[in-house]
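J.: Sharing entry-v9.cif, mmCIF, C-alpha atoms and all ligand atoms:
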data_structure
loop_
_atom_site.group_PDB
_atom_site.id
_atom_site.type_symbol
_atom_site.label_atom_id
_atom_site.label_comp_id
_atom_site.auth_asym_id
_atom_site.auth_seq_id
_atom_site.Cartn_x
_atom_site.Cartn_y
_atom_site.Cartn_z
ATOM 1 C CA LEU A 1466 -15.706 0.980 -2.373
ATOM 2 C CA ALA A 1467 -17.146 3.307 -4.983
ATOM 3 C CA SER A 1468 -19.370 0.468 -6.224
ATOM 4 C CA LEU A 1469 -20.792 0.190 -2.705
ATOM 5 C CA GLY A 1470 -21.766 3.840 -2.846
ATOM 6 C CA VAL A 1471 -18.882 4.894 -0.618
ATOM 7 C CA ARG A 1472 -17.315 8.158 -1.698
ATOM 8 C CA VAL A 1473 -13.538 7.942 -1.615
ATOM 9 C CA MET A 1474 -11.545 11.154 -1.437
ATOM 10 C CA GLY A 1475 -7.845 10.991 -2.174
ATOM 11 C CA VAL A 1476 -4.893 13.162 -1.223
ATOM 12 C CA PRO A 1477 -1.528 13.493 -2.998
ATOM 13 C CA MET A 1478 1.658 11.654 -2.033
ATOM 14 C CA ASP A 1479 5.327 12.578 -2.017
ATOM 15 C CA GLU A 1480 8.435 10.654 -0.964
ATOM 16 C CA GLN A 1481 7.298 10.720 2.680
ATOM 17 C CA GLY A 1482 4.013 9.047 1.799
ATOM 18 C CA MET A 1483 0.552 10.530 2.135
ATOM 19 C CA GLN A 1484 0.589 14.321 2.512
ATOM 20 C CA VAL A 1485 -1.211 14.530 5.810
ATOM 21 C CA GLU A 1486 -1.591 18.306 5.717
ATOM 22 C CA GLU A 1487 -3.817 17.699 2.675
ATOM 23 C CA VAL A 1488 -5.943 15.359 4.793
ATOM 24 C CA GLU A 1489 -6.308 18.158 7.309
ATOM 25 C CA LYS A 1490 -7.303 20.638 4.588
ATOM 26 C CA LEU A 1491 -9.839 18.204 3.184
ATOM 27 C CA LEU A 1492 -11.422 17.587 6.589
ATOM 28 C CA ALA A 1493 -11.538 21.328 7.332
ATOM 29 C CA GLN A 1494 -13.209 21.897 3.991
ATOM 30 C CA LEU A 1495 -15.822 19.228 4.698
ATOM 31 C CA GLN A 1496 -16.406 20.674 8.136
ATOM 32 C CA ARG A 1497 -17.047 24.135 6.659
ATOM 33 C CA ARG A 1498 -19.552 22.584 4.263
ATOM 34 C CA GLY A 1499 -21.272 20.733 7.094
ATOM 35 C CA GLU A 1500 -20.312 17.361 5.598
ATOM 36 C CA LEU A 1501 -17.864 16.089 8.197
ATOM 37 C CA ALA A 1502 -20.395 13.601 9.549
ATOM 38 C CA ARG A 1503 -20.046 11.661 6.303
ATOM 39 C CA VAL A 1504 -16.382 10.905 6.973
ATOM 40 C CA LYS A 1505 -16.046 7.440 8.471
ATOM 41 C CA PHE A 1506 -12.326 6.797 8.370
ATOM 42 C CA ILE A 1507 -8.969 7.759 6.929
ATOM 43 C CA TYR A 1508 -7.419 4.853 5.072
ATOM 44 C CA CYS A 1509 -3.652 4.701 5.068
ATOM 45 C CA THR A 1510 -1.144 2.062 3.972
ATOM 46 C CA SER A 1511 1.644 3.029 6.329
ATOM 47 C CA TYR A 1512 4.439 0.747 5.066
ATOM 48 C CA TYR A 1513 5.731 0.272 1.477
ATOM 49 C CA GLN A 1514 2.419 1.223 0.023
ATOM 50 C CA ASN A 1515 0.579 -0.479 -2.781
ATOM 51 C CA PRO A 1516 0.957 0.923 -5.454
ATOM 52 C CA THR A 1517 3.779 3.434 -4.834
ATOM 53 C CA GLY A 1518 6.147 1.531 -2.535
ATOM 54 C CA LEU A 1519 6.295 4.651 -0.315
ATOM 55 C CA THR A 1520 6.298 4.670 3.474
ATOM 56 C CA LEU A 1521 4.629 7.242 5.699
ATOM 57 C CA SER A 1522 7.320 9.172 7.607
ATOM 58 C CA LEU A 1523 7.528 9.105 11.396
ATOM 59 C CA ALA A 1524 6.476 12.746 11.770
ATOM 60 C CA ARG A 1525 3.472 12.217 9.523
ATOM 61 C CA ARG A 1526 2.363 9.148 11.484
ATOM 62 C CA LYS A 1527 2.094 11.237 14.637
ATOM 63 C CA ARG A 1528 0.512 14.155 12.810
ATOM 64 C CA LEU A 1529 -2.138 11.989 11.163
ATOM 65 C CA LEU A 1530 -3.218 10.737 14.546
ATOM 66 C CA GLU A 1531 -3.458 14.314 15.842
ATOM 67 C CA ILE A 1532 -5.603 15.204 12.836
ATOM 68 C CA ALA A 1533 -7.978 12.283 13.418
ATOM 69 C CA ARG A 1534 -8.272 13.292 17.056
ATOM 70 C CA LYS A 1535 -8.801 16.965 16.225
ATOM 71 C CA PHE A 1536 -11.690 16.291 13.864
ATOM 72 C CA SER A 1537 -13.318 13.665 16.098
ATOM 73 C CA ARG A 1538 -15.395 16.201 18.011
ATOM 74 C CA LYS A 1539 -18.930 15.079 17.191
ATOM 75 C CA HIS A 1540 -18.153 11.591 15.956
ATOM 76 C CA ARG A 1541 -14.991 9.554 15.887
ATOM 77 C CA ILE A 1542 -12.927 9.578 12.710
ATOM 78 C CA LEU A 1543 -10.762 6.490 12.710
ATOM 79 C CA ILE A 1544 -7.496 5.845 10.932
ATOM 80 C CA LEU A 1545 -7.524 2.480 9.204
ATOM 81 C CA GLU A 1546 -3.832 1.614 9.155
ATOM 82 C CA ASP A 1547 -3.358 -1.148 6.608
ATOM 83 C CA ALA A 1548 0.100 -2.533 7.366
ATOM 84 C CA ALA A 1549 -0.091 -5.457 4.934
ATOM 85 C CA TYR A 1550 3.540 -5.106 3.810
ATOM 86 C CA ARG A 1551 5.084 -4.211 7.153
ATOM 87 C CA GLU A 1552 7.143 -7.352 7.541
ATOM 88 C CA LEU A 1553 8.575 -7.257 4.025
ATOM 89 C CA ARG A 1554 11.297 -4.779 4.987
ATOM 90 C CA TYR A 1555 14.589 -4.666 3.070
ATOM 91 C CA ASP A 1556 16.277 -1.509 4.394
ATOM 92 C CA GLY A 1557 16.520 0.301 7.698
ATOM 93 C CA LYS A 1558 15.075 -0.532 11.084
ATOM 94 C CA GLY A 1559 11.392 -0.043 10.314
ATOM 95 C CA LEU A 1560 9.100 2.558 11.813
ATOM 96 C CA PRO A 1561 6.656 2.182 14.683
ATOM 97 C CA SER A 1562 3.037 1.854 13.580
ATOM 98 C CA ILE A 1563 0.558 4.727 13.800
ATOM 99 C CA LYS A 1564 -1.242 2.516 16.280
ATOM 100 C CA SER A 1565 1.747 2.611 18.634
ATOM 101 C CA PHE A 1566 1.179 6.357 19.141
ATOM 102 C CA ASP A 1567 -2.525 5.849 19.847
ATOM 103 C CA ALA A 1568 -1.870 5.554 23.573
ATOM 104 C CA HIS A 1569 -5.455 4.860 24.634
ATOM 105 C CA ASN A 1570 -6.356 2.652 21.667
ATOM 106 C CA GLU A 1571 -9.039 5.060 20.506
ATOM 107 C CA TYR A 1572 -8.499 6.467 17.037
ATOM 108 C CA SER A 1573 -6.800 3.825 14.941
ATOM 109 C CA VAL A 1574 -7.353 0.322 13.652
ATOM 110 C CA LEU A 1575 -4.182 -1.547 12.700
ATOM 111 C CA THR A 1576 -4.595 -4.434 10.272
ATOM 112 C CA GLN A 1577 -1.971 -6.937 9.164
ATOM 113 C CA THR A 1578 -2.164 -10.071 7.082
ATOM 114 C CA PHE A 1579 -0.424 -13.406 6.664
ATOM 115 C CA SER A 1580 -0.924 -13.112 2.896
ATOM 116 C CA LYS A 1581 2.190 -11.096 2.104
ATOM 117 C CA PRO A 1582 4.787 -12.346 4.593
ATOM 118 C CA PHE A 1583 3.689 -15.990 4.749
ATOM 119 C CA ALA A 1584 1.033 -17.579 2.542
ATOM 120 C CA PRO A 1585 -1.876 -15.905 0.704
ATOM 121 C CA GLY A 1586 -3.819 -19.179 0.697
ATOM 122 C CA LEU A 1587 -4.287 -19.104 4.475
ATOM 123 C CA LYS A 1588 -6.652 -16.127 4.103
ATOM 124 C CA LEU A 1589 -5.818 -14.929 7.603
ATOM 125 C CA GLY A 1590 -5.149 -11.534 9.050
ATOM 126 C CA TYR A 1591 -5.231 -9.795 12.396
ATOM 127 C CA THR A 1592 -6.096 -6.451 13.873
ATOM 128 C CA VAL A 1593 -5.538 -4.251 16.882
ATOM 129 C CA MET A 1594 -8.563 -2.001 17.301
ATOM 130 C CA PRO A 1595 -10.510 -0.033 19.891
ATOM 131 C CA GLN A 1596 -12.255 -2.406 22.269
ATOM 132 C CA ASP A 1597 -15.696 -0.931 21.627
ATOM 133 C CA LEU A 1598 -15.552 -1.847 17.926
ATOM 134 C CA LEU A 1599 -14.659 -5.471 18.429
ATOM 135 C CA THR A 1600 -18.085 -7.054 18.796
ATOM 136 C CA ALA A 1601 -19.551 -5.213 15.798
ATOM 137 C CA VAL A 1602 -16.565 -6.132 13.622
ATOM 138 C CA LEU A 1603 -16.666 -9.796 14.654
ATOM 139 C CA ARG A 1604 -20.372 -9.949 13.845
ATOM 140 C CA GLN A 1605 -19.853 -8.300 10.489
ATOM 141 C CA LYS A 1606 -16.970 -10.619 9.624
ATOM 142 C CA GLY A 1607 -18.984 -13.659 10.665
ATOM 143 C CA ASN A 1608 -21.788 -12.568 8.352
ATOM 144 C CA HIS A 1609 -19.353 -12.223 5.479
ATOM 145 C CA ASP A 1610 -17.293 -15.403 5.772
ATOM 146 C CA PHE A 1611 -18.687 -17.545 8.639
ATOM 147 C CA GLY A 1612 -15.328 -17.169 10.368
ATOM 148 C CA SER A 1613 -11.750 -17.877 9.328
ATOM 149 C CA ALA A 1614 -10.897 -21.524 8.660
ATOM 150 C CA ASN A 1615 -9.871 -23.288 11.845
ATOM 151 C CA LEU A 1616 -7.189 -25.400 10.172
ATOM 152 C CA CYS A 1617 -5.520 -22.305 8.738
ATOM 153 C CA GLN A 1618 -5.439 -20.658 12.148
ATOM 154 C CA TRP A 1619 -3.759 -23.739 13.627
ATOM 155 C CA ILE A 1620 -1.201 -23.741 10.809
ATOM 156 C CA ALA A 1621 -0.346 -20.086 11.454
ATOM 157 C CA LEU A 1622 -0.139 -20.662 15.202
ATOM 158 C CA GLU A 1623 2.109 -23.689 14.803
ATOM 159 C CA ALA A 1624 4.356 -21.827 12.358
ATOM 160 C CA MET A 1625 4.768 -18.980 14.825
ATOM 161 C CA LYS A 1626 5.354 -21.275 17.791
ATOM 162 C CA THR A 1627 8.037 -23.332 16.058
ATOM 163 C CA GLY A 1628 9.856 -20.350 14.555
ATOM 164 C CA ALA A 1629 8.996 -21.471 11.004
ATOM 165 C CA TYR A 1630 7.119 -18.231 10.455
ATOM 166 C CA ALA A 1631 10.024 -15.961 11.431
ATOM 167 C CA LYS A 1632 12.380 -18.074 9.336
ATOM 168 C CA HIS A 1633 10.104 -17.854 6.332
ATOM 169 C CA VAL A 1634 9.723 -14.061 6.633
ATOM 170 C CA SER A 1635 13.466 -13.653 6.790
ATOM 171 C CA ARG A 1636 13.930 -15.894 3.715
ATOM 172 C CA LEU A 1637 11.305 -13.944 1.805
ATOM 173 C CA CYS A 1638 12.904 -10.623 2.711
ATOM 174 C CA LYS A 1639 16.279 -11.807 1.476
ATOM 175 C CA HIS A 1640 14.787 -13.048 -1.765
ATOM 176 C CA TYR A 1641 12.560 -10.031 -2.437
ATOM 177 C CA ARG A 1642 15.371 -7.624 -1.553
ATOM 178 C CA ARG A 1643 17.480 -9.170 -4.309
ATOM 179 C CA LYS A 1644 14.602 -8.955 -6.758
ATOM 180 C CA ARG A 1645 13.978 -5.331 -5.868
ATOM 181 C CA ASP A 1646 17.649 -4.546 -6.378
ATOM 182 C CA VAL A 1647 17.668 -6.282 -9.757
ATOM 183 C CA MET A 1648 14.637 -4.214 -10.784
ATOM 184 C CA LEU A 1649 16.088 -0.912 -9.546
ATOM 185 C CA THR A 1650 19.433 -1.582 -11.230
ATOM 186 C CA ALA A 1651 17.683 -2.429 -14.498
ATOM 187 C CA LEU A 1652 15.576 0.729 -14.299
ATOM 188 C CA GLN A 1653 18.744 2.762 -13.804
ATOM 189 C CA GLN A 1654 20.375 1.024 -16.722
ATOM 190 C CA TYR A 1655 17.588 1.089 -19.289
ATOM 191 C CA MET A 1656 15.041 3.832 -18.618
ATOM 192 C CA PRO A 1657 15.216 6.861 -20.891
ATOM 193 C CA GLU A 1658 15.652 10.332 -19.442
ATOM 194 C CA GLY A 1659 12.495 11.856 -18.016
ATOM 195 C CA VAL A 1660 11.291 8.635 -16.372
ATOM 196 C CA GLN A 1661 11.250 8.674 -12.566
ATOM 197 C CA TRP A 1662 10.576 5.923 -10.056
ATOM 198 C CA THR A 1663 10.289 5.333 -6.331
ATOM 199 C CA ILE A 1664 12.874 3.404 -4.291
ATOM 200 C CA PRO A 1665 10.852 1.164 -1.978
ATOM 201 C CA ALA A 1666 12.464 0.138 1.309
ATOM 202 C CA GLY A 1667 10.155 -2.881 1.403
ATOM 203 C CA GLY A 1668 7.001 -4.366 -0.096
ATOM 204 C CA LEU A 1669 6.567 -5.461 -3.693
ATOM 205 C CA TYR A 1670 6.093 -2.380 -5.844
ATOM 206 C CA VAL A 1671 7.919 0.320 -7.755
ATOM 207 C CA TRP A 1672 5.933 3.288 -9.062
ATOM 208 C CA LEU A 1673 7.006 4.905 -12.312
ATOM 209 C CA THR A 1674 6.229 8.419 -13.520
ATOM 210 C CA LEU A 1675 6.665 8.849 -17.266
ATOM 211 C CA PRO A 1676 6.854 12.133 -19.160
ATOM 212 C CA ALA A 1677 3.382 13.731 -19.123
ATOM 213 C CA GLY A 1678 2.562 12.976 -22.781
ATOM 214 C CA ILE A 1679 2.961 9.201 -22.489
ATOM 215 C CA LYS A 1680 -0.256 7.444 -21.584
ATOM 216 C CA THR A 1681 0.015 4.176 -19.680
ATOM 217 C CA GLY A 1682 -3.685 3.195 -19.803
ATOM 218 C CA PRO A 1683 -5.077 -0.110 -21.142
ATOM 219 C CA ASP A 1684 -6.318 1.521 -24.351
ATOM 220 C CA GLY A 1685 -2.979 3.146 -25.193
ATOM 221 C CA SER A 1686 -0.163 2.047 -27.468
ATOM 222 C CA LEU A 1687 2.397 1.660 -24.650
ATOM 223 C CA PHE A 1688 0.279 -0.926 -22.870
ATOM 224 C CA GLU A 1689 -0.346 -2.800 -26.129
ATOM 225 C CA LYS A 1690 3.335 -2.803 -27.063
ATOM 226 C CA CYS A 1691 4.228 -4.089 -23.630
ATOM 227 C CA LEU A 1692 1.675 -6.900 -23.816
ATOM 228 C CA GLU A 1693 3.016 -7.910 -27.235
ATOM 229 C CA ASN A 1694 6.471 -8.061 -25.683
ATOM 230 C CA GLY A 1695 5.425 -10.096 -22.650
ATOM 231 C CA VAL A 1696 5.488 -7.242 -20.121
ATOM 232 C CA LEU A 1697 2.531 -6.571 -17.868
ATOM 233 C CA TYR A 1698 2.209 -3.562 -15.565
ATOM 234 C CA VAL A 1699 -0.677 -1.950 -13.714
ATOM 235 C CA PRO A 1700 -1.763 1.328 -15.338
ATOM 236 C CA GLY A 1701 -1.455 4.053 -12.718
ATOM 237 C CA GLU A 1702 -4.888 5.507 -13.463
ATOM 238 C CA TYR A 1703 -6.494 2.549 -11.657
ATOM 239 C CA ALA A 1704 -5.035 3.936 -8.433
ATOM 240 C CA TYR A 1705 -6.982 7.189 -8.704
ATOM 241 C CA GLY A 1706 -10.565 8.371 -8.869
ATOM 242 C CA VAL A 1707 -11.773 10.689 -11.625
ATOM 243 C CA ASP A 1708 -9.347 13.090 -13.322
ATOM 244 C CA ALA A 1709 -6.523 10.612 -12.898
ATOM 245 C CA PRO A 1710 -3.124 11.427 -14.347
ATOM 246 C CA ARG A 1711 -2.416 9.022 -17.211
ATOM 247 C CA ASN A 1712 1.367 8.778 -17.094
ATOM 248 C CA HIS A 1713 2.026 6.487 -14.131
ATOM 249 C CA LEU A 1714 2.454 2.750 -13.860
ATOM 250 C CA ARG A 1715 3.083 0.186 -11.157
ATOM 251 C CA LEU A 1716 5.680 -2.536 -11.450
ATOM 252 C CA CYS A 1717 5.650 -5.553 -9.152
ATOM 253 C CA PHE A 1718 8.759 -7.636 -8.488
ATOM 254 C CA GLY A 1719 7.000 -10.162 -6.268
ATOM 255 C CA GLN A 1720 5.774 -12.983 -8.424
ATOM 256 C CA VAL A 1721 7.969 -12.647 -11.510
ATOM 257 C CA PRO A 1722 11.051 -14.936 -11.518
ATOM 258 C CA MET A 1723 14.352 -13.212 -10.729
ATOM 259 C CA SER A 1724 15.790 -14.189 -14.130
ATOM 260 C CA LYS A 1725 13.039 -12.338 -16.012
ATOM 261 C CA ILE A 1726 13.098 -8.969 -14.263
ATOM 262 C CA ARG A 1727 16.002 -7.376 -16.112
ATOM 263 C CA GLY A 1728 14.734 -8.351 -19.564
ATOM 264 C CA GLY A 1729 11.228 -7.168 -18.701
ATOM 265 C CA VAL A 1730 12.462 -3.741 -17.627
ATOM 266 C CA LYS A 1731 14.585 -3.509 -20.781
ATOM 267 C CA ARG A 1732 11.574 -4.244 -22.985
ATOM 268 C CA LEU A 1733 9.438 -1.762 -21.049
ATOM 269 C CA ALA A 1734 12.102 0.914 -21.572
ATOM 270 C CA GLU A 1735 12.210 0.151 -25.298
ATOM 271 C CA ALA A 1736 8.428 0.428 -25.520
ATOM 272 C CA ILE A 1737 8.556 3.806 -23.718
ATOM 273 C CA ARG A 1738 11.227 5.056 -26.169
ATOM 274 C CA GLU A 1739 9.156 3.924 -29.151
ATOM 275 C CA THR A 1740 5.967 5.497 -27.772
ATOM 276 C CA ARG A 1741 7.752 8.764 -27.195
HETATM 277 C C1 LIG B 1 -2.421 -2.723 0.922
HETATM 278 C C2 LIG B 1 -3.042 -4.081 0.907
HETATM 279 N N1 LIG B 1 -3.794 -4.468 1.940
HETATM 280 C C3 LIG B 1 -4.375 -5.689 1.968
HETATM 281 C C4 LIG B 1 -4.201 -6.580 0.922
HETATM 282 C C5 LIG B 1 -4.891 -7.907 0.949
HETATM 283 O O1 LIG B 1 -4.544 -8.686 1.993
HETATM 284 P P1 LIG B 1 -5.358 -10.054 2.241
HETATM 285 O O2 LIG B 1 -4.823 -11.068 1.298
HETATM 286 O O3 LIG B 1 -5.091 -10.371 3.660
HETATM 287 O O4 LIG B 1 -6.797 -9.772 1.965
HETATM 288 C C6 LIG B 1 -3.446 -6.206 -0.174
HETATM 289 C C7 LIG B 1 -3.297 -7.145 -1.300
HETATM 290 O O5 LIG B 1 -2.820 -6.901 -2.352
HETATM 291 C C8 LIG B 1 -2.833 -4.930 -0.182
HETATM 292 O O6 LIG B 1 -2.090 -4.529 -1.223
#
When written as structure tokens, how does the structure in this file appear?

T.:
Amino acid sequence: LASLGVRVMGVPMDEQGMQVEEVEKLLAQLQRRGELARVKFIYCTSYYQNPTGLTLSLARRKRLLEIARKFSRKHRILILEDAAYRELRYDGKGLPSIKSFDAHNEYSVLTQTFSKPFAPGLKLGYTVMPQDLLTAVLRQKGNHDFGSANLCQWIALEAMKTGAYAKHVSRLCKHYRRKRDVMLTALQQYMPEGVQWTIPAGGLYVWLTLPAGIKTGPDGSLFEKCLENGVLYVPGEYAYGVDAPRNHLRLCFGQVPMSKIRGGVKRLAEAIRETR
């Protein structure tokens, strides 16, 4: 987005997901400076976020919608609710979407994809959005990709009609849940003191916070050591704008084979010990 000239402003997270009171503060600040008109939407990954694995709490879902409504006096500020990981749920009953509280379908756009729960190659997704945006969005999408492939849409439809889709999602959840558990158990077993991580209830990611002095970036010795030892992680600084903290990293348990997770975490822990 930044490369398109779009200014992205971030807010901090805690175990309940995005700190929505910080969103409110930010919007109030922009309003005082007369810059609110520049705000187009609030982007939020509401379920098992990439990269932290965190989920926005129920109370915050409702509050975020109130905030969007409150600041939509002169122009509408939408919430873009990216629910890409929603169906990959391993614990609990799952929360209602932000969209479900948007009773008149006015302030939020819900997007979901077949990439995560079914097949990335289909390149299909879907949205529930305010009626008045639909034509503009369809035109824009058509200009970008000339429309989604017809064959892929028929495949997705057929899979849903026959129950193959639901069956596949449930198989994936079972499989990923086991992988997540293997990763969390290995983290517990091998990580040195001072390392913290999130416990995702779904999705594909675990977010690690290392002691402040350890840098996870691509030009640091931890990253190099890990690469030498066949471990690849995403440096946390890529998930921020300027002034990013340098001591975070994202692990993904999605693509890596089950049998390699434990050893990978062990080698990562060794590299952290050595770097320290
Ligand atoms: C939060 C989030 N939204 C959307 C996507 C992409 O979905 P799609 O493959 O449908 O473009 C990703 C992919 O990594 C993601 O992490």

J.: When you count all atoms listed in the file, which of these residues is closest to A:Ile1563: A:Leu1529, A:Leu1587, A:Val1488, A:Ile1542?

T.: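 Using all atoms listed in the file, A:Ile1563 sits closest to A:Leu1529.
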
J.: Around (-6.3, -15.0, 7.5) in the file's own coordinates, what residues are found within 9 Å if you use all atoms listed in the file, given back as a list in words?

T.: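 The requested residues, written out, are Thr1578, Phe1579, Ser1580, Pro1585, Gly1586, Leu1587, Lys1588, Leu1589, Gly1590, Tyr1591, Ser1613, Ala1614, Cys1617, Gln1618 and Ala1621 of chain A.
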
J.: Spell out the residues picked by the PyMOL selection byres (((chain A and resi 1698) around 12) and not hetatm) here, as JSON, numbers by chain.

T.: {"A": [1516, 1670, 1671, 1672, 1673, 1681, 1682, 1683, 1687, 1688, 1689, 1690, 1691, 1692, 1694, 1695, 1696, 1697, 1699, 1700, 1701, 1702, 1703, 1713, 1714, 1715, 1716, 1717, 1718, 1721, 1729, 1730, 1732, 1733]}

J.: Could you check how far atom CA of A:Ala1584 sits from atom CA of A:Asn1615, in Å to one decimal?

T.: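 Result for atom CA of A:Ala1584 versus atom CA of A:Asn1615: 15.4 Å, one decimal.
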
J.: Report the distance between atom CA of A:Arg1541 and atom CA of A:Lys1606 in Å, rounded to one decimal place.

T.: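 Rounded to one decimal, the two atoms are 21.2 Å apart.
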
J.: With only C-alpha atoms as the counted atoms, please give the residues lying no more than 9 Å from stretch 1492-1503 of chain A, apart from itself and same-chain residues fewer than 3 positions off, as JSON, numbers by chain.

T.: {"A": [1487, 1488, 1489, 1532, 1536, 1539, 1540]}

J.: Rank nothing, just name the residue among A:Gly1518, A:Gly1628, A:Gly1607, A:Gly1557 nearest to ligand LIG 1 (chain B), using only C-alpha atoms and all ligand atoms.

T.: A:Gly1518

J.: For atom CA of A:Leu1637 and atom CA of A:Lys1581, determine how far apart the two atoms are, in Å to one decimal place.

T.: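 Going from atom CA of A:Leu1637 over to atom CA of A:Lys1581 covers 9.6 Å.
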
J.: I'd like the contact shell of stretch 1650-1659 of chain A - 12 Å cut-off, only C-alpha atoms, skipping same-chain residues fewer than 5 positions apart - returned as number ranges by chain.

T.: A: 1643-1645, 1664, 1671-1679, 1712, 1716, 1718, 1723-1741

J.: Of the candidates A:Arg1551, A:His1569, A:His1609, A:Lys1626, which shows the shortest atom-to-atom distance to ligand LIG 1 (chain B), using only C-alpha atoms and all ligand atoms?

T.: A:Arg1551

J.: Ranking A:Phe1506, A:Ser1565, A:Gly1668, A:Pro1722 by minimum distance to ligand LIG 1 (chain B) and counting all atoms listed in the file, which one comes first?

T.: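 Smallest distance to ligand LIG 1 (chain B) is found for A:Gly1668.
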